[in-house]
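The structure file protein.cif is reproduced below (mmCIF, all heavy atoms).
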data_input
loop_
_atom_site.label_atom_id
_atom_site.label_comp_id
_atom_site.auth_asym_id
_atom_site.auth_seq_id
_atom_site.Cartn_x
_atom_site.Cartn_y
_atom_site.Cartn_z
N MET S 1 -33.36 78.76 -23.19
CA MET S 1 -32.22 79.39 -23.82
C MET S 1 -30.98 78.55 -23.52
O MET S 1 -30.73 78.20 -22.38
CB MET S 1 -32.07 80.81 -23.26
CG MET S 1 -31.12 81.65 -24.07
SD MET S 1 -30.92 83.35 -23.53
CE MET S 1 -32.55 84.00 -23.61
N SER S 2 -30.23 78.24 -24.54
CA SER S 2 -29.07 77.38 -24.36
C SER S 2 -27.92 78.14 -23.72
O SER S 2 -27.86 79.37 -23.75
CB SER S 2 -28.64 76.79 -25.69
OG SER S 2 -28.02 77.78 -26.48
N MET S 3 -26.99 77.39 -23.16
CA MET S 3 -25.82 78.00 -22.52
C MET S 3 -24.96 78.73 -23.54
O MET S 3 -24.31 79.72 -23.22
CB MET S 3 -25.00 76.93 -21.79
CG MET S 3 -25.71 76.33 -20.59
SD MET S 3 -26.15 77.55 -19.36
CE MET S 3 -24.55 77.97 -18.72
N ALA S 4 -24.95 78.26 -24.79
CA ALA S 4 -24.17 78.94 -25.82
C ALA S 4 -24.72 80.34 -26.10
O ALA S 4 -23.96 81.30 -26.25
CB ALA S 4 -24.17 78.12 -27.11
N VAL S 5 -26.04 80.47 -26.13
CA VAL S 5 -26.66 81.78 -26.37
C VAL S 5 -26.42 82.71 -25.19
O VAL S 5 -26.11 83.89 -25.36
CB VAL S 5 -28.17 81.62 -26.66
CG1 VAL S 5 -28.85 82.96 -26.74
CG2 VAL S 5 -28.37 80.83 -27.94
N ILE S 6 -26.53 82.18 -23.99
CA ILE S 6 -26.27 82.99 -22.80
C ILE S 6 -24.82 83.44 -22.77
O ILE S 6 -24.52 84.60 -22.48
CB ILE S 6 -26.64 82.20 -21.52
CG1 ILE S 6 -28.15 81.98 -21.48
CG2 ILE S 6 -26.17 82.93 -20.28
CD1 ILE S 6 -28.60 81.05 -20.39
N GLY S 7 -23.90 82.55 -23.12
CA GLY S 7 -22.50 82.92 -23.19
C GLY S 7 -22.23 83.98 -24.24
O GLY S 7 -21.43 84.89 -24.04
N MET S 8 -22.90 83.88 -25.38
CA MET S 8 -22.74 84.87 -26.44
C MET S 8 -23.24 86.24 -25.98
O MET S 8 -22.59 87.26 -26.20
CB MET S 8 -23.50 84.45 -27.69
CG MET S 8 -23.36 85.44 -28.84
SD MET S 8 -24.44 85.07 -30.22
CE MET S 8 -26.04 85.43 -29.52
N ILE S 9 -24.38 86.27 -25.31
CA ILE S 9 -24.93 87.53 -24.81
C ILE S 9 -24.00 88.14 -23.77
O ILE S 9 -23.73 89.35 -23.77
CB ILE S 9 -26.35 87.31 -24.25
CG1 ILE S 9 -27.30 86.97 -25.39
CG2 ILE S 9 -26.83 88.54 -23.49
CD1 ILE S 9 -28.66 86.50 -24.93
N ALA S 10 -23.47 87.31 -22.87
CA ALA S 10 -22.53 87.82 -21.87
C ALA S 10 -21.27 88.36 -22.53
O ALA S 10 -20.76 89.42 -22.15
CB ALA S 10 -22.18 86.71 -20.88
N GLY S 11 -20.76 87.66 -23.53
CA GLY S 11 -19.59 88.13 -24.25
C GLY S 11 -19.83 89.44 -24.96
O GLY S 11 -18.97 90.33 -24.98
N MET S 12 -21.00 89.58 -25.56
CA MET S 12 -21.33 90.84 -26.24
C MET S 12 -21.45 91.99 -25.24
O MET S 12 -20.98 93.11 -25.51
CB MET S 12 -22.63 90.68 -27.02
CG MET S 12 -22.48 89.79 -28.24
SD MET S 12 -24.03 89.44 -29.08
CE MET S 12 -24.52 91.06 -29.60
N ALA S 13 -22.04 91.72 -24.07
CA ALA S 13 -22.16 92.76 -23.05
C ALA S 13 -20.78 93.20 -22.57
O ALA S 13 -20.52 94.40 -22.41
CB ALA S 13 -22.99 92.26 -21.88
N LEU S 14 -19.88 92.23 -22.36
CA LEU S 14 -18.52 92.57 -21.95
C LEU S 14 -17.79 93.34 -23.05
O LEU S 14 -17.04 94.27 -22.77
CB LEU S 14 -17.75 91.30 -21.59
CG LEU S 14 -18.16 90.63 -20.29
CD1 LEU S 14 -17.48 89.28 -20.17
CD2 LEU S 14 -17.85 91.51 -19.11
N GLY S 15 -18.02 92.95 -24.29
CA GLY S 15 -17.39 93.66 -25.41
C GLY S 15 -17.86 95.10 -25.51
O GLY S 15 -17.05 96.02 -25.70
N PHE S 16 -19.16 95.33 -25.38
CA PHE S 16 -19.68 96.69 -25.41
C PHE S 16 -19.15 97.51 -24.25
O PHE S 16 -18.78 98.68 -24.42
CB PHE S 16 -21.21 96.70 -25.40
CG PHE S 16 -21.83 96.47 -26.75
CD1 PHE S 16 -22.61 95.36 -26.98
CD2 PHE S 16 -21.64 97.37 -27.78
CE1 PHE S 16 -23.18 95.13 -28.22
CE2 PHE S 16 -22.21 97.17 -29.02
CZ PHE S 16 -22.98 96.05 -29.25
N ALA S 17 -19.12 96.91 -23.07
CA ALA S 17 -18.62 97.63 -21.91
C ALA S 17 -17.15 97.99 -22.08
O ALA S 17 -16.73 99.10 -21.75
CB ALA S 17 -18.80 96.79 -20.64
N GLY S 18 -16.37 97.08 -22.61
CA GLY S 18 -14.96 97.35 -22.83
C GLY S 18 -14.73 98.40 -23.89
O GLY S 18 -13.84 99.26 -23.77
N TYR S 19 -15.53 98.38 -24.95
CA TYR S 19 -15.35 99.32 -26.05
C TYR S 19 -15.78 100.73 -25.65
O TYR S 19 -15.07 101.70 -25.90
CB TYR S 19 -16.14 98.86 -27.27
CG TYR S 19 -15.94 99.75 -28.46
CD1 TYR S 19 -14.78 99.67 -29.21
CD2 TYR S 19 -16.92 100.65 -28.84
CE1 TYR S 19 -14.59 100.48 -30.30
CE2 TYR S 19 -16.74 101.47 -29.92
CZ TYR S 19 -15.57 101.39 -30.66
OH TYR S 19 -15.39 102.20 -31.74
N PHE S 20 -16.96 100.84 -25.05
CA PHE S 20 -17.51 102.16 -24.75
C PHE S 20 -17.08 102.71 -23.40
O PHE S 20 -17.04 103.92 -23.22
CB PHE S 20 -19.04 102.13 -24.81
CG PHE S 20 -19.56 101.93 -26.20
CD1 PHE S 20 -20.18 100.75 -26.56
CD2 PHE S 20 -19.42 102.92 -27.16
CE1 PHE S 20 -20.66 100.56 -27.85
CE2 PHE S 20 -19.89 102.74 -28.45
CZ PHE S 20 -20.51 101.56 -28.79
N GLY S 21 -16.79 101.84 -22.44
CA GLY S 21 -16.50 102.33 -21.10
C GLY S 21 -15.07 102.12 -20.64
O GLY S 21 -14.70 102.57 -19.57
N GLY S 22 -14.29 101.39 -21.39
CA GLY S 22 -12.92 101.14 -21.00
C GLY S 22 -12.78 99.90 -20.14
O GLY S 22 -13.73 99.14 -19.92
N PHE S 23 -11.57 99.69 -19.67
CA PHE S 23 -11.26 98.48 -18.92
C PHE S 23 -11.98 98.41 -17.59
O PHE S 23 -12.41 97.34 -17.15
CB PHE S 23 -9.74 98.37 -18.72
CG PHE S 23 -9.31 97.07 -18.14
CD1 PHE S 23 -9.43 95.90 -18.87
CD2 PHE S 23 -8.79 97.00 -16.87
CE1 PHE S 23 -9.03 94.68 -18.34
CE2 PHE S 23 -8.38 95.79 -16.32
CZ PHE S 23 -8.51 94.64 -17.07
N GLY S 24 -12.16 99.55 -16.92
CA GLY S 24 -12.88 99.58 -15.64
C GLY S 24 -14.32 99.12 -15.79
O GLY S 24 -14.83 98.35 -14.97
N ALA S 25 -14.98 99.57 -16.85
CA ALA S 25 -16.36 99.15 -17.10
C ALA S 25 -16.42 97.66 -17.44
O ALA S 25 -17.34 96.96 -17.03
CB ALA S 25 -16.97 99.98 -18.22
N PHE S 26 -15.41 97.18 -18.18
CA PHE S 26 -15.33 95.75 -18.51
C PHE S 26 -15.27 94.92 -17.23
O PHE S 26 -15.99 93.93 -17.08
CB PHE S 26 -14.10 95.51 -19.38
CG PHE S 26 -13.80 94.07 -19.64
CD1 PHE S 26 -14.46 93.39 -20.64
CD2 PHE S 26 -12.87 93.39 -18.88
CE1 PHE S 26 -14.19 92.06 -20.89
CE2 PHE S 26 -12.58 92.06 -19.12
CZ PHE S 26 -13.25 91.40 -20.13
N LEU S 27 -14.40 95.32 -16.29
CA LEU S 27 -14.27 94.58 -15.04
C LEU S 27 -15.55 94.64 -14.21
O LEU S 27 -15.95 93.65 -13.59
CB LEU S 27 -13.09 95.10 -14.22
CG LEU S 27 -11.71 94.81 -14.80
CD1 LEU S 27 -10.64 95.43 -13.90
CD2 LEU S 27 -11.48 93.33 -14.94
N LEU S 28 -16.21 95.81 -14.19
CA LEU S 28 -17.45 95.96 -13.44
C LEU S 28 -18.53 95.04 -14.00
O LEU S 28 -19.22 94.34 -13.25
CB LEU S 28 -17.92 97.41 -13.46
CG LEU S 28 -19.24 97.69 -12.75
CD1 LEU S 28 -19.09 97.42 -11.25
CD2 LEU S 28 -19.69 99.11 -12.99
N VAL S 29 -18.68 95.01 -15.32
CA VAL S 29 -19.69 94.15 -15.93
C VAL S 29 -19.36 92.68 -15.68
O VAL S 29 -20.26 91.88 -15.39
CB VAL S 29 -19.81 94.46 -17.44
CG1 VAL S 29 -20.67 93.41 -18.15
CG2 VAL S 29 -20.38 95.84 -17.65
N ALA S 30 -18.09 92.31 -15.76
CA ALA S 30 -17.71 90.92 -15.50
C ALA S 30 -18.01 90.53 -14.05
O ALA S 30 -18.54 89.44 -13.79
CB ALA S 30 -16.23 90.73 -15.81
N ALA S 31 -17.68 91.40 -13.10
CA ALA S 31 -17.93 91.10 -11.68
C ALA S 31 -19.42 90.99 -11.40
O ALA S 31 -19.87 90.07 -10.69
CB ALA S 31 -17.30 92.17 -10.80
N LEU S 32 -20.21 91.90 -11.95
CA LEU S 32 -21.66 91.83 -11.73
C LEU S 32 -22.27 90.61 -12.42
O LEU S 32 -23.24 90.04 -11.93
CB LEU S 32 -22.33 93.11 -12.23
CG LEU S 32 -22.01 94.35 -11.41
CD1 LEU S 32 -22.66 95.58 -12.04
CD2 LEU S 32 -22.47 94.20 -9.96
N GLY S 33 -21.69 90.18 -13.52
CA GLY S 33 -22.15 88.96 -14.17
C GLY S 33 -21.91 87.74 -13.31
O GLY S 33 -22.77 86.85 -13.22
N VAL S 34 -20.77 87.69 -12.65
CA VAL S 34 -20.48 86.56 -11.75
C VAL S 34 -21.43 86.57 -10.57
O VAL S 34 -21.96 85.53 -10.17
CB VAL S 34 -19.01 86.61 -11.28
CG1 VAL S 34 -18.76 85.64 -10.15
CG2 VAL S 34 -18.08 86.33 -12.45
N VAL S 35 -21.68 87.74 -10.00
CA VAL S 35 -22.63 87.86 -8.88
C VAL S 35 -24.02 87.40 -9.31
O VAL S 35 -24.69 86.65 -8.60
CB VAL S 35 -22.66 89.30 -8.33
CG1 VAL S 35 -23.80 89.50 -7.36
CG2 VAL S 35 -21.34 89.64 -7.68
N GLY S 36 -24.45 87.81 -10.48
CA GLY S 36 -25.75 87.40 -10.99
C GLY S 36 -25.83 85.90 -11.25
O GLY S 36 -26.85 85.27 -10.98
N PHE S 37 -24.74 85.33 -11.76
CA PHE S 37 -24.71 83.90 -12.00
C PHE S 37 -24.84 83.11 -10.70
O PHE S 37 -25.63 82.17 -10.60
CB PHE S 37 -23.40 83.53 -12.72
CG PHE S 37 -23.21 82.07 -12.91
CD1 PHE S 37 -23.92 81.40 -13.89
CD2 PHE S 37 -22.34 81.35 -12.10
CE1 PHE S 37 -23.74 80.03 -14.07
CE2 PHE S 37 -22.17 80.00 -12.28
CZ PHE S 37 -22.87 79.33 -13.26
N VAL S 38 -24.09 83.51 -9.68
CA VAL S 38 -24.13 82.82 -8.39
C VAL S 38 -25.51 82.99 -7.75
O VAL S 38 -26.07 82.02 -7.22
CB VAL S 38 -23.00 83.32 -7.47
CG1 VAL S 38 -23.17 82.79 -6.06
CG2 VAL S 38 -21.65 82.92 -8.03
N ALA S 39 -26.09 84.18 -7.84
CA ALA S 39 -27.42 84.40 -7.28
C ALA S 39 -28.45 83.54 -8.00
O ALA S 39 -29.35 82.97 -7.36
CB ALA S 39 -27.79 85.88 -7.38
N GLY S 40 -28.33 83.42 -9.30
CA GLY S 40 -29.25 82.58 -10.06
C GLY S 40 -29.14 81.12 -9.67
O GLY S 40 -30.14 80.41 -9.57
N ARG S 41 -27.91 80.65 -9.45
CA ARG S 41 -27.71 79.26 -9.03
C ARG S 41 -28.33 79.02 -7.65
O ARG S 41 -28.91 77.97 -7.40
CB ARG S 41 -26.23 78.90 -9.00
CG ARG S 41 -25.52 78.98 -10.33
CD ARG S 41 -26.04 77.96 -11.33
NE ARG S 41 -25.78 76.62 -10.92
CZ ARG S 41 -25.14 75.71 -11.65
NH1 ARG S 41 -24.71 76.03 -12.82
NH2 ARG S 41 -24.97 74.50 -11.18
N PHE S 42 -28.21 80.01 -6.75
CA PHE S 42 -28.84 79.88 -5.42
C PHE S 42 -30.36 79.79 -5.57
O PHE S 42 -31.00 78.96 -4.95
CB PHE S 42 -28.49 81.06 -4.53
CG PHE S 42 -27.17 80.95 -3.84
CD1 PHE S 42 -26.27 82.00 -3.92
CD2 PHE S 42 -26.80 79.84 -3.13
CE1 PHE S 42 -25.04 81.92 -3.29
CE2 PHE S 42 -25.58 79.74 -2.49
CZ PHE S 42 -24.70 80.79 -2.58
N LEU S 43 -30.93 80.68 -6.39
CA LEU S 43 -32.38 80.72 -6.54
C LEU S 43 -32.93 79.46 -7.21
O LEU S 43 -34.05 79.04 -6.91
CB LEU S 43 -32.79 81.96 -7.33
CG LEU S 43 -32.55 83.29 -6.62
CD1 LEU S 43 -32.87 84.45 -7.54
CD2 LEU S 43 -33.38 83.37 -5.34
N GLU S 44 -32.17 78.86 -8.10
CA GLU S 44 -32.61 77.62 -8.74
C GLU S 44 -32.43 76.41 -7.83
O GLU S 44 -32.97 75.35 -8.11
CB GLU S 44 -31.82 77.39 -10.03
CG GLU S 44 -32.21 78.32 -11.14
CD GLU S 44 -31.41 78.07 -12.40
OE1 GLU S 44 -30.47 77.24 -12.37
OE2 GLU S 44 -31.72 78.71 -13.41
N GLY S 45 -31.66 76.56 -6.76
CA GLY S 45 -31.44 75.46 -5.84
C GLY S 45 -30.28 74.57 -6.23
O GLY S 45 -30.10 73.51 -5.66
N ASP S 46 -29.47 75.00 -7.21
CA ASP S 46 -28.33 74.20 -7.66
C ASP S 46 -27.10 74.39 -6.77
O ASP S 46 -26.15 73.62 -6.87
CB ASP S 46 -27.94 74.57 -9.09
CG ASP S 46 -29.02 74.19 -10.08
OD1 ASP S 46 -29.81 73.27 -9.76
OD2 ASP S 46 -29.07 74.80 -11.15
N LEU S 47 -27.12 75.39 -5.93
CA LEU S 47 -25.95 75.72 -5.12
C LEU S 47 -26.40 76.05 -3.70
O LEU S 47 -27.35 76.80 -3.51
CB LEU S 47 -25.24 76.94 -5.74
CG LEU S 47 -23.89 77.35 -5.21
CD1 LEU S 47 -22.87 76.24 -5.48
CD2 LEU S 47 -23.42 78.61 -5.90
N ASP S 48 -25.74 75.45 -2.73
CA ASP S 48 -26.04 75.73 -1.33
C ASP S 48 -25.06 76.78 -0.81
O ASP S 48 -23.90 76.81 -1.24
CB ASP S 48 -25.88 74.47 -0.48
CG ASP S 48 -26.94 73.43 -0.80
OD1 ASP S 48 -28.07 73.83 -1.13
OD2 ASP S 48 -26.63 72.23 -0.73
N PRO S 49 -25.50 77.63 0.13
CA PRO S 49 -24.58 78.64 0.67
C PRO S 49 -23.33 78.02 1.29
O PRO S 49 -22.26 78.59 1.19
CB PRO S 49 -25.41 79.36 1.73
CG PRO S 49 -26.83 79.12 1.34
CD PRO S 49 -26.85 77.79 0.66
N GLY S 50 -23.44 76.86 1.87
CA GLY S 50 -22.30 76.21 2.49
C GLY S 50 -21.26 75.74 1.48
O GLY S 50 -20.09 75.55 1.82
N ASP S 51 -21.66 75.57 0.22
CA ASP S 51 -20.72 75.13 -0.81
C ASP S 51 -19.61 76.14 -1.03
O ASP S 51 -18.47 75.79 -1.35
CB ASP S 51 -21.44 74.88 -2.13
CG ASP S 51 -22.33 73.66 -2.09
OD1 ASP S 51 -22.17 72.84 -1.17
OD2 ASP S 51 -23.20 73.54 -2.98
N LEU S 52 -19.92 77.41 -0.88
CA LEU S 52 -18.91 78.46 -1.08
C LEU S 52 -18.06 78.68 0.15
O LEU S 52 -16.95 79.19 0.04
CB LEU S 52 -19.59 79.77 -1.46
CG LEU S 52 -20.35 79.78 -2.78
CD1 LEU S 52 -21.05 81.10 -2.96
CD2 LEU S 52 -19.42 79.48 -3.94
N LEU S 53 -18.56 78.28 1.32
CA LEU S 53 -17.86 78.57 2.56
C LEU S 53 -16.99 77.42 3.05
O LEU S 53 -16.13 77.62 3.88
CB LEU S 53 -18.89 78.94 3.65
CG LEU S 53 -19.78 80.14 3.32
CD1 LEU S 53 -20.82 80.33 4.40
CD2 LEU S 53 -18.96 81.39 3.13
N ARG S 54 -17.23 76.22 2.55
CA ARG S 54 -16.45 75.06 2.97
C ARG S 54 -15.08 75.06 2.32
O ARG S 54 -14.93 75.48 1.18
CB ARG S 54 -17.17 73.78 2.56
CG ARG S 54 -17.97 73.19 3.66
CD ARG S 54 -18.45 71.82 3.26
NE ARG S 54 -19.86 71.72 3.54
CZ ARG S 54 -20.87 71.99 2.72
NH1 ARG S 54 -20.68 72.31 1.53
NH2 ARG S 54 -22.10 71.90 3.09
N GLY S 55 -14.10 74.55 3.03
CA GLY S 55 -12.77 74.39 2.46
C GLY S 55 -12.72 73.20 1.51
O GLY S 55 -13.66 72.42 1.42
N ARG S 56 -11.62 73.05 0.82
CA ARG S 56 -11.49 71.96 -0.15
C ARG S 56 -11.49 70.59 0.51
O ARG S 56 -11.98 69.63 -0.06
CB ARG S 56 -10.21 72.12 -0.97
CG ARG S 56 -10.29 73.25 -1.91
CD ARG S 56 -9.02 73.33 -2.70
NE ARG S 56 -9.08 74.41 -3.64
CZ ARG S 56 -8.67 74.34 -4.88
NH1 ARG S 56 -8.14 73.23 -5.32
NH2 ARG S 56 -8.77 75.37 -5.68
N GLY S 57 -10.91 70.49 1.70
CA GLY S 57 -10.79 69.19 2.35
C GLY S 57 -12.07 68.72 3.00
O GLY S 57 -12.23 67.55 3.29
N GLU S 58 -12.99 69.62 3.24
CA GLU S 58 -14.23 69.26 3.91
C GLU S 58 -15.23 68.74 2.89
O GLU S 58 -15.42 69.29 1.84
CB GLU S 58 -14.81 70.48 4.62
CG GLU S 58 -13.89 71.04 5.68
CD GLU S 58 -14.47 72.30 6.27
OE1 GLU S 58 -15.70 72.39 6.41
OE2 GLU S 58 -13.70 73.20 6.60
N ARG S 59 -15.90 67.66 3.26
CA ARG S 59 -16.89 67.05 2.39
C ARG S 59 -18.22 66.94 3.12
O ARG S 59 -18.25 66.82 4.33
CB ARG S 59 -16.47 65.65 1.96
CG ARG S 59 -15.21 65.62 1.18
CD ARG S 59 -15.53 65.61 -0.24
NE ARG S 59 -14.30 65.60 -1.01
CZ ARG S 59 -14.30 65.56 -2.30
NH1 ARG S 59 -15.41 65.54 -2.94
NH2 ARG S 59 -13.15 65.58 -2.95
N ARG S 60 -19.28 66.94 2.34
CA ARG S 60 -20.58 66.68 2.95
C ARG S 60 -20.70 65.20 3.24
O ARG S 60 -20.30 64.36 2.46
CB ARG S 60 -21.71 67.07 1.99
CG ARG S 60 -21.98 68.53 2.00
CD ARG S 60 -23.33 68.80 1.46
NE ARG S 60 -23.28 68.92 0.00
CZ ARG S 60 -24.25 69.42 -0.71
NH1 ARG S 60 -25.32 69.86 -0.14
NH2 ARG S 60 -24.15 69.50 -2.01
N GLY S 61 -21.29 64.89 4.37
CA GLY S 61 -21.40 63.50 4.78
C GLY S 61 -22.64 62.92 4.41
O GLY S 61 -23.21 62.12 4.01
#

Could you rewrite the structure in this file as structure tokens?
Amino acid sequence: MSMAVIGMIAGMALGFAGYFGGFGAFLLVAALGVVGFVAGRFLEGDLDPGDLLRGRGERRG
């Protein structure tokens, strides 16, 4: 599945949540989408836990 299709599905989910549930539901769906995205990146091995915890000035050696 291409990133464009995934983005379209996410946009539609946010649109439905905003229309039927209001702004609070929109924010909840957006936050859970971000959590799911980060968890998926961890599971695929594209993201290390230390990447989120390191400061900007620190680099991997």

As a PyMOL selection string, which residues of chain S does DSSP assign to alpha helix (DSSP H)?
chain S and resi 3-44+49-53

One-decimal distance in Å that lies between atom N of Val35 in chain S and CD1 of Leu47 in chain S:
12.4 Å

What does the distance between CA of Leu14 in chain S and atom C of Ser2 in chain S come to in Å, to one decimal place?
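These atoms are spaced 17.3 Å apart.
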
Can you tell me how far CA of Pro49 in chain S sits from CA of Gly36 in chain S, in Å to one decimal?
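It comes out at 14.6 Å.
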
With distances taken over only C-alpha atoms, which residue among S:Asp48, S:Phe26, S:Gly33, S:Val38 lies nearest Ile9 in chain S?
S:Gly33
